>>> print(open('my_file.txt').read())   # compact mmCIF, C-alpha atoms
# COMPACT_ATOMS: atom_id res chain seq x y z
CA MET U 43 -60.40 16.35 -38.33
CA LYS U 44 -60.21 14.03 -41.28
CA TYR U 45 -60.39 16.93 -43.65
CA PHE U 46 -57.84 18.95 -41.67
CA ILE U 47 -55.18 16.24 -42.06
CA LYS U 48 -56.09 15.73 -45.70
CA GLU U 49 -55.84 19.42 -46.47
CA ASN U 50 -52.72 20.12 -44.37
CA TRP U 51 -50.68 16.92 -44.75
CA PHE U 52 -47.79 18.76 -46.35
CA LYS U 53 -47.61 21.33 -43.53
CA ILE U 54 -47.85 18.57 -40.92
CA GLY U 55 -45.07 16.65 -42.69
CA ILE U 56 -42.83 19.71 -42.73
CA LEU U 57 -43.59 20.32 -39.02
CA VAL U 58 -42.73 16.70 -38.17
CA CYS U 59 -39.51 16.95 -40.21
CA LEU U 60 -38.57 20.20 -38.46
CA MET U 61 -39.23 18.62 -35.06
CA LEU U 62 -37.11 15.58 -35.99
CA GLY U 63 -34.38 17.89 -37.25
CA ALA U 64 -34.52 19.98 -34.07
CA PHE U 65 -34.39 16.83 -31.95
CA THR U 66 -31.40 15.54 -33.94
CA ILE U 67 -29.58 18.87 -33.60
CA TYR U 68 -30.35 18.96 -29.85
CA GLN U 69 -29.00 15.43 -29.45
CA SER U 70 -25.88 16.26 -31.48
CA PHE U 71 -25.00 19.54 -29.80
CA VAL U 72 -26.30 19.11 -26.25
CA VAL U 73 -26.87 15.51 -25.14
CA LEU U 74 -24.02 13.66 -26.87
CA PRO U 75 -21.28 16.19 -25.92
CA LYS U 76 -22.51 16.12 -22.32
CA GLN U 77 -22.36 12.31 -22.28
CA ALA U 78 -18.91 12.35 -23.86
CA SER U 79 -17.73 14.88 -21.29
CA GLU U 80 -19.11 12.76 -18.44
CA LYS U 81 -17.43 9.64 -19.86
CA LYS U 82 -14.13 11.51 -20.14
CA GLU U 83 -14.41 12.80 -16.55
CA LEU U 84 -15.23 9.30 -15.31
CA ALA U 85 -12.28 7.82 -17.21
CA GLU U 86 -9.94 10.47 -15.78
CA PHE U 87 -11.29 9.87 -12.28
CA LEU U 88 -10.85 6.11 -12.58
CA GLU U 89 -7.33 6.58 -13.95
CA LYS U 90 -6.48 8.83 -11.01
CA ILE U 91 -7.84 6.28 -8.52
CA GLU U 92 -5.92 3.48 -10.22
CA LEU U 93 -2.70 5.51 -10.11
CA GLU U 94 -3.23 6.29 -6.41
CA ASN U 95 -3.87 2.61 -5.71
CA LYS U 96 -0.70 1.60 -7.56
CA GLU U 97 1.30 4.18 -5.61
CA GLY U 98 -0.24 2.96 -2.35
CA VAL U 99 0.57 -0.67 -3.14
CA LYS U 100 4.12 0.33 -4.10
CA LYS U 101 4.56 2.16 -0.80
CA ILE U 102 3.21 -0.79 1.18
CA ASN U 103 5.50 -3.20 -0.68
CA LEU U 104 8.49 -0.88 -0.20
CA ASP U 105 7.78 -0.54 3.52
CA LYS U 106 7.45 -4.31 3.87
CA CYS U 107 10.65 -4.90 1.92
CA LEU U 108 12.55 -2.39 4.07
CA ALA U 109 11.12 -3.91 7.26
CA ASP U 110 12.22 -7.37 6.08
CA ALA U 111 15.70 -6.01 5.31
CA ARG U 112 15.88 -4.48 8.79
CA ALA U 113 14.66 -7.72 10.39
CA ASN U 114 17.32 -9.68 8.47
CA TYR U 115 19.97 -7.23 9.63
CA ASN U 116 18.87 -7.57 13.26
CA SER U 117 18.68 -11.34 12.96
CA ASN U 118 22.16 -11.54 11.44
CA TRP U 119 23.60 -9.23 14.09
CA MET U 120 21.98 -11.17 16.94
CA GLY U 121 23.08 -14.47 15.39
CA SER U 122 26.67 -13.24 15.36
CA CYS U 123 26.36 -12.08 18.98
CA LYS U 124 25.04 -15.51 19.95
CA SER U 125 27.74 -17.38 18.05
CA LEU U 126 30.43 -15.28 19.73
CA GLY U 127 28.90 -16.00 23.16
CA LYS U 128 28.33 -12.31 23.88
CA LEU U 129 24.73 -12.60 25.09
CA SER U 130 23.56 -13.33 28.62
CA ASN U 131 21.21 -16.24 29.30
CA TYR U 132 18.38 -13.72 29.76
CA CYS U 133 19.09 -12.22 26.31
CA LEU U 134 19.33 -15.65 24.73
CA LYS U 135 15.96 -16.50 26.25
CA ILE U 136 14.08 -13.39 25.09
CA THR U 137 15.63 -13.32 21.61
CA GLY U 138 14.78 -16.97 20.95
CA ASP U 139 11.74 -18.41 19.19
CA ASN U 140 9.38 -17.85 22.14
CA GLY U 141 11.00 -14.55 23.06
CA PHE U 142 7.94 -12.52 23.97
CA ASP U 143 6.48 -15.28 26.12
CA SER U 144 9.86 -15.79 27.82
CA TYR U 145 10.08 -12.05 28.46
CA LEU U 146 6.59 -11.96 29.99
CA GLU U 147 7.49 -14.94 32.16
CA SER U 148 10.69 -13.27 33.36
CA VAL U 149 8.87 -10.06 34.37
CA GLY U 150 5.95 -11.95 35.90
CA ALA U 151 3.33 -10.81 33.40
CA THR U 152 2.41 -14.12 31.78
CA GLY U 153 -0.60 -13.92 29.46
CA THR U 154 -0.43 -10.12 29.09
CA THR U 155 -0.25 -8.69 25.60
CA SER U 156 -0.67 -4.97 26.22
CA ILE U 157 1.05 -2.32 24.15
CA ASP U 158 3.19 -1.40 27.17
CA SER U 159 4.39 -5.01 27.40
CA LEU U 160 5.32 -5.02 23.72
CA VAL U 161 7.15 -1.70 24.05
CA SER U 162 9.11 -2.86 27.09
CA PHE U 163 9.87 -6.18 25.33
CA ASN U 164 11.27 -4.31 22.30
CA LYS U 165 13.41 -2.16 24.59
CA ALA U 166 14.73 -5.27 26.33
CA VAL U 167 15.57 -6.90 22.99
CA ASP U 168 17.34 -3.70 21.84
CA GLU U 169 19.45 -3.76 24.99
CA CYS U 170 20.48 -7.34 24.20
CA SER U 171 22.83 -6.36 21.43
CA CYS U 172 26.58 -6.55 21.41
CA SER U 173 29.61 -5.08 19.72
CA LEU U 174 30.85 -7.15 16.83
CA PRO U 175 34.29 -7.27 15.28
CA ASN U 176 34.67 -4.63 12.59
CA VAL U 177 34.81 -7.17 9.74
CA THR U 178 31.56 -8.84 10.82
CA ALA U 179 29.76 -5.56 11.52
CA THR U 180 30.81 -4.17 8.13
CA ARG U 181 29.59 -7.32 6.39
CA TRP U 182 26.12 -7.06 7.99
CA ASP U 183 26.00 -3.32 7.27
CA ASP U 184 26.91 -3.90 3.61
CA ILE U 185 24.36 -6.69 3.20
CA SER U 186 21.70 -4.50 4.81
CA LYS U 187 22.54 -1.59 2.51
CA GLU U 188 22.35 -3.89 -0.54
CA GLU U 189 18.94 -5.20 0.56
CA GLU U 190 17.63 -1.66 1.10
CA ASP U 191 18.94 -0.57 -2.31
CA ARG U 192 17.26 -3.59 -3.88
CA CYS U 193 13.99 -2.57 -2.22
CA TYR U 194 14.24 1.00 -3.52
CA ASN U 195 15.12 -0.20 -7.03
CA GLN U 196 12.33 -2.76 -7.07
CA TYR U 197 9.59 -0.41 -5.83
CA LYS U 198 10.51 2.88 -7.54
>>> encode(input="my_file.txt", output="C-alpha cells")
Amino acid sequence: MKYFIKENWFKIGILVCLMLGAFTIYQSFVVLPKQASEKKELAEFLEKIELENKEGVKKINLDKCLADARANYNSNWMGSCKSLGKLSNYCLKITGDNGFDSYLESVGATGTTSIDSLVSFNKAVDECSCSLPNVTATRWDDISKEEEDRCYNQYK
C-alpha cells in the first residue's frame, strides 16, 4: 500500500482534484439553483400571505367603520325621535342604555339571551323609529353618507 501511494501519488492527486471539481460543479449547477428556487418560492408565498392578511385586515376595518357609521346614523335618528317626543314609553325603554334587558323584561323572558330573543329585540327596535322633518332627516343622511365615504377612502 505504501508503495502504491508513492508510485501513484500524481494519479491520486488528479483523481481527488477531479472529484473536487465535479463536486463544485454539482453544487453550482444543481444544489445552489435548487436552494435559490426554493428561497424564491418561499419569499413569493410569504408575500402572498402577507398581502392576503393586509386585505383581510382592511376588509375587517372597513366593515367595522361602516358598522360604526350605521350605528351613529341610527343613534342620531333615534335621538331626534326622542327629542321630538315621537317615541312611546315602551320604545324609550328598549332603546335606552339597558334596552335588551328592558325588552326581555317586557316580554317576560328575563335572563334569556337566545338568538331568537336578539332577533326579536332588533325587530322591536327597528319598529321604534319615527318620521323626521325633512331638514333633520337630510342632515342625518348627509352625515351618514360622509362617514361611509370616509370609511371607503380610508380603507381602499
>>> atom_distance(input="my_file.txt", atom1="CA of Ser125 (chain U)", atom2="CA of Ala113 (chain U)")
18.0 Å
>>> residues_around(input="my_file.txt", residues="Ala111 (chain U)", least_positions_apart="5", cutoff="7 Å", atoms="only C-alpha atoms", output="ChimeraX atom specification")
/U:186,189-190
>>> atom_distance(input="my_file.txt", atom1="CA of Trp51 (chain U)", atom2="CA of Ala64 (chain U)")
19.6 Å
>>> residues_around(input="my_file.txt", residues="region 172-175 of chain U", least_positions_apart="6", cutoff="9 Å", atoms="all atoms listed in the file", output="PyMOL selection string")
chain U and resi 119-120+122-123+126+128-129
>>> atom_distance(input="my_file.txt", atom1="CA of Tyr145 (chain U)", atom2="CA of Phe163 (chain U)")
6.7 Å
>>> axis_aligned_box(input="my_file.txt", around="region 62-79 of chain U", padding_each_side="8 Å", output="AutoDock Vina command-line options")
--center_x -27.4 --center_y 16.1 --center_z -29.3 --size_x 35.4 --size_y 23.7 --size_z 32.0
>>> closest_residue(input="my_file.txt", among="U:Cys59, U:Cys107, U:Val167, U:Val149", to="Cys133 (chain U)", atoms="all atoms listed in the file")
U:Val167
>>> decode(input="my_file.txt", residues="region 56-190 of chain U", atoms="C-alpha atoms", output="PDB file, in the first residue's frame")
ATOM      1  CA  ILE U  56      -5.595  14.242 -10.252  1.00  0.00           C
ATOM      2  CA  LEU U  57      -8.468  11.947  -9.179  1.00  0.00           C
ATOM      3  CA  VAL U  58      -9.008  13.969  -5.987  1.00  0.00           C
ATOM      4  CA  CYS U  59      -8.925  17.223  -7.995  1.00  0.00           C
ATOM      5  CA  LEU U  60     -11.426  15.820 -10.494  1.00  0.00           C
ATOM      6  CA  MET U  61     -13.721  14.722  -7.661  1.00  0.00           C
ATOM      7  CA  LEU U  62     -13.473  18.175  -6.040  1.00  0.00           C
ATOM      8  CA  GLY U  63     -14.151  19.790  -9.401  1.00  0.00           C
ATOM      9  CA  ALA U  64     -17.144  17.510 -10.026  1.00  0.00           C
ATOM     10  CA  PHE U  65     -18.474  18.254  -6.535  1.00  0.00           C
ATOM     11  CA  THR U  66     -18.061  22.003  -7.119  1.00  0.00           C
ATOM     12  CA  ILE U  67     -19.819  21.808 -10.490  1.00  0.00           C
ATOM     13  CA  TYR U  68     -22.638  19.722  -8.944  1.00  0.00           C
ATOM     14  CA  GLN U  69     -23.048  22.277  -6.158  1.00  0.00           C
ATOM     15  CA  SER U  70     -23.024  25.169  -8.636  1.00  0.00           C
ATOM     16  CA  PHE U  71     -25.449  23.736 -11.173  1.00  0.00           C
ATOM     17  CA  VAL U  72     -27.743  21.536  -9.075  1.00  0.00           C
ATOM     18  CA  VAL U  73     -27.787  22.310  -5.342  1.00  0.00           C
ATOM     19  CA  LEU U  74     -27.419  26.108  -5.291  1.00  0.00           C
ATOM     20  CA  PRO U  75     -30.027  26.794  -8.036  1.00  0.00           C
ATOM     21  CA  LYS U  76     -32.462  24.468  -6.260  1.00  0.00           C
ATOM     22  CA  GLN U  77     -31.924  26.317  -2.974  1.00  0.00           C
ATOM     23  CA  ALA U  78     -32.305  29.678  -4.710  1.00  0.00           C
ATOM     24  CA  SER U  79     -35.511  28.488  -6.355  1.00  0.00           C
ATOM     25  CA  GLU U  80     -36.880  27.271  -3.020  1.00  0.00           C
ATOM     26  CA  LYS U  81     -35.984  30.590  -1.363  1.00  0.00           C
ATOM     27  CA  LYS U  82     -37.710  32.486  -4.167  1.00  0.00           C
ATOM     28  CA  GLU U  83     -40.837  30.311  -3.891  1.00  0.00           C
ATOM     29  CA  LEU U  84     -40.886  30.780  -0.120  1.00  0.00           C
ATOM     30  CA  ALA U  85     -40.494  34.555  -0.481  1.00  0.00           C
ATOM     31  CA  GLU U  86     -43.330  34.673  -3.032  1.00  0.00           C
ATOM     32  CA  PHE U  87     -45.531  32.539  -0.790  1.00  0.00           C
ATOM     33  CA  LEU U  88     -44.850  34.731   2.241  1.00  0.00           C
ATOM     34  CA  GLU U  89     -45.519  37.861   0.187  1.00  0.00           C
ATOM     35  CA  LYS U  90     -48.827  36.400  -0.987  1.00  0.00           C
ATOM     36  CA  ILE U  91     -49.831  35.522   2.598  1.00  0.00           C
ATOM     37  CA  GLU U  92     -48.868  39.000   3.793  1.00  0.00           C
ATOM     38  CA  LEU U  93     -50.913  40.616   1.015  1.00  0.00           C
ATOM     39  CA  GLU U  94     -53.924  38.428   1.857  1.00  0.00           C
ATOM     40  CA  ASN U  95     -53.573  39.337   5.532  1.00  0.00           C
ATOM     41  CA  LYS U  96     -53.408  43.047   4.706  1.00  0.00           C
ATOM     42  CA  GLU U  97     -56.508  42.733   2.522  1.00  0.00           C
ATOM     43  CA  GLY U  98     -58.299  40.816   5.281  1.00  0.00           C
ATOM     44  CA  VAL U  99     -57.411  43.429   7.885  1.00  0.00           C
ATOM     45  CA  LYS U 100     -58.536  46.193   5.513  1.00  0.00           C
ATOM     46  CA  LYS U 101     -61.874  44.452   4.981  1.00  0.00           C
ATOM     47  CA  ILE U 102     -62.383  43.959   8.715  1.00  0.00           C
ATOM     48  CA  ASN U 103     -61.540  47.616   9.390  1.00  0.00           C
ATOM     49  CA  LEU U 104     -63.830  48.771   6.575  1.00  0.00           C
ATOM     50  CA  ASP U 105     -66.698  46.636   7.867  1.00  0.00           C
ATOM     51  CA  LYS U 106     -66.184  47.961  11.395  1.00  0.00           C
ATOM     52  CA  CYS U 107     -66.025  51.545  10.153  1.00  0.00           C
ATOM     53  CA  LEU U 108     -69.229  51.106   8.134  1.00  0.00           C
ATOM     54  CA  ALA U 109     -70.960  49.445  11.090  1.00  0.00           C
ATOM     55  CA  ASP U 110     -69.921  52.356  13.315  1.00  0.00           C
ATOM     56  CA  ALA U 111     -71.233  54.825  10.723  1.00  0.00           C
ATOM     57  CA  ARG U 112     -74.541  52.941  10.596  1.00  0.00           C
ATOM     58  CA  ALA U 113     -74.739  52.849  14.409  1.00  0.00           C
ATOM     59  CA  ASN U 114     -74.096  56.613  14.550  1.00  0.00           C
ATOM     60  CA  TYR U 115     -76.826  57.179  11.970  1.00  0.00           C
ATOM     61  CA  ASN U 116     -79.303  55.068  13.955  1.00  0.00           C
ATOM     62  CA  SER U 117     -78.306  56.762  17.194  1.00  0.00           C
ATOM     63  CA  ASN U 118     -78.722  60.231  15.681  1.00  0.00           C
ATOM     64  CA  TRP U 119     -82.083  59.316  14.170  1.00  0.00           C
ATOM     65  CA  MET U 120     -83.374  57.824  17.424  1.00  0.00           C
ATOM     66  CA  GLY U 121     -82.044  60.810  19.380  1.00  0.00           C
ATOM     67  CA  SER U 122     -84.011  63.142  17.132  1.00  0.00           C
ATOM     68  CA  CYS U 123     -87.136  60.988  17.543  1.00  0.00           C
ATOM     69  CA  LYS U 124     -86.710  61.130  21.322  1.00  0.00           C
ATOM     70  CA  SER U 125     -86.125  64.877  21.381  1.00  0.00           C
ATOM     71  CA  LEU U 126     -89.258  65.441  19.287  1.00  0.00           C
ATOM     72  CA  GLY U 127     -91.280  63.238  21.668  1.00  0.00           C
ATOM     73  CA  LYS U 128     -92.246  60.815  18.893  1.00  0.00           C
ATOM     74  CA  LEU U 129     -91.421  57.598  20.763  1.00  0.00           C
ATOM     75  CA  SER U 130     -93.715  55.649  23.074  1.00  0.00           C
ATOM     76  CA  ASN U 131     -92.627  54.836  26.624  1.00  0.00           C
ATOM     77  CA  TYR U 132     -92.031  51.239  25.509  1.00  0.00           C
ATOM     78  CA  CYS U 133     -89.713  52.425  22.718  1.00  0.00           C
ATOM     79  CA  LEU U 134     -87.900  54.792  25.051  1.00  0.00           C
ATOM     80  CA  LYS U 135     -87.369  51.902  27.440  1.00  0.00           C
ATOM     81  CA  ILE U 136     -85.979  49.404  24.911  1.00  0.00           C
ATOM     82  CA  THR U 137     -83.810  51.939  23.078  1.00  0.00           C
ATOM     83  CA  GLY U 138     -82.196  53.174  26.295  1.00  0.00           C
ATOM     84  CA  ASP U 139     -78.942  52.062  27.901  1.00  0.00           C
ATOM     85  CA  ASN U 140     -80.363  48.788  29.255  1.00  0.00           C
ATOM     86  CA  GLY U 141     -82.515  48.234  26.187  1.00  0.00           C
ATOM     87  CA  PHE U 142     -82.110  44.497  25.738  1.00  0.00           C
ATOM     88  CA  ASP U 143     -82.738  43.775  29.414  1.00  0.00           C
ATOM     89  CA  SER U 144     -85.778  46.076  29.379  1.00  0.00           C
ATOM     90  CA  TYR U 145     -87.077  44.292  26.276  1.00  0.00           C
ATOM     91  CA  LEU U 146     -86.642  40.869  27.896  1.00  0.00           C
ATOM     92  CA  GLU U 147     -88.427  42.137  30.997  1.00  0.00           C
ATOM     93  CA  SER U 148     -91.333  43.479  28.939  1.00  0.00           C
ATOM     94  CA  VAL U 149     -91.830  40.163  27.098  1.00  0.00           C
ATOM     95  CA  GLY U 150     -91.353  38.103  30.254  1.00  0.00           C
ATOM     96  CA  ALA U 151     -88.118  36.423  29.198  1.00  0.00           C
ATOM     97  CA  THR U 152     -85.717  37.818  31.794  1.00  0.00           C
ATOM     98  CA  GLY U 153     -82.280  36.190  31.747  1.00  0.00           C
ATOM     99  CA  THR U 154     -82.695  34.723  28.243  1.00  0.00           C
ATOM    100  CA  THR U 155     -80.060  35.541  25.656  1.00  0.00           C
ATOM    101  CA  SER U 156     -81.012  33.260  22.782  1.00  0.00           C
ATOM    102  CA  ILE U 157     -80.564  34.216  19.151  1.00  0.00           C
ATOM    103  CA  ASP U 158     -84.349  34.361  18.763  1.00  0.00           C
ATOM    104  CA  SER U 159     -84.535  36.896  21.598  1.00  0.00           C
ATOM    105  CA  LEU U 160     -81.866  39.045  19.958  1.00  0.00           C
ATOM    106  CA  VAL U 161     -83.627  38.867  16.589  1.00  0.00           C
ATOM    107  CA  SER U 162     -86.991  39.817  18.080  1.00  0.00           C
ATOM    108  CA  PHE U 163     -85.313  42.621  20.080  1.00  0.00           C
ATOM    109  CA  ASN U 164     -83.745  44.038  16.892  1.00  0.00           C
ATOM    110  CA  LYS U 165     -87.134  43.903  15.154  1.00  0.00           C
ATOM    111  CA  ALA U 166     -88.739  45.724  18.073  1.00  0.00           C
ATOM    112  CA  VAL U 167     -86.038  48.422  17.999  1.00  0.00           C
ATOM    113  CA  ASP U 168     -86.489  48.807  14.218  1.00  0.00           C
ATOM    114  CA  GLU U 169     -90.213  49.335  14.740  1.00  0.00           C
ATOM    115  CA  CYS U 170     -89.440  52.112  17.231  1.00  0.00           C
ATOM    116  CA  SER U 171     -88.423  54.596  14.602  1.00  0.00           C
ATOM    117  CA  CYS U 172     -90.251  57.707  13.537  1.00  0.00           C
ATOM    118  CA  SER U 173     -90.573  60.102  10.651  1.00  0.00           C
ATOM    119  CA  LEU U 174     -88.384  63.150  10.995  1.00  0.00           C
ATOM    120  CA  PRO U 175     -88.766  66.561   9.420  1.00  0.00           C
ATOM    121  CA  ASN U 176     -87.122  66.669   6.006  1.00  0.00           C
ATOM    122  CA  VAL U 177     -84.335  69.026   7.140  1.00  0.00           C
ATOM    123  CA  THR U 178     -83.346  66.773  10.047  1.00  0.00           C
ATOM    124  CA  ALA U 179     -83.602  63.562   8.024  1.00  0.00           C
ATOM    125  CA  THR U 180     -81.483  65.050   5.235  1.00  0.00           C
ATOM    126  CA  ARG U 181     -78.860  66.178   7.739  1.00  0.00           C
ATOM    127  CA  TRP U 182     -78.535  62.665   9.225  1.00  0.00           C
ATOM    128  CA  ASP U 183     -78.490  61.125   5.741  1.00  0.00           C
ATOM    129  CA  ASP U 184     -75.743  63.507   4.608  1.00  0.00           C
ATOM    130  CA  ILE U 185     -73.649  62.896   7.720  1.00  0.00           C
ATOM    131  CA  SER U 186     -74.060  59.142   7.265  1.00  0.00           C
ATOM    132  CA  LYS U 187     -73.016  59.361   3.615  1.00  0.00           C
ATOM    133  CA  GLU U 188     -69.939  61.416   4.562  1.00  0.00           C
ATOM    134  CA  GLU U 189     -68.954  58.855   7.220  1.00  0.00           C
ATOM    135  CA  GLU U 190     -69.362  55.975   4.755  1.00  0.00           C
TER     136      GLU U 190
END
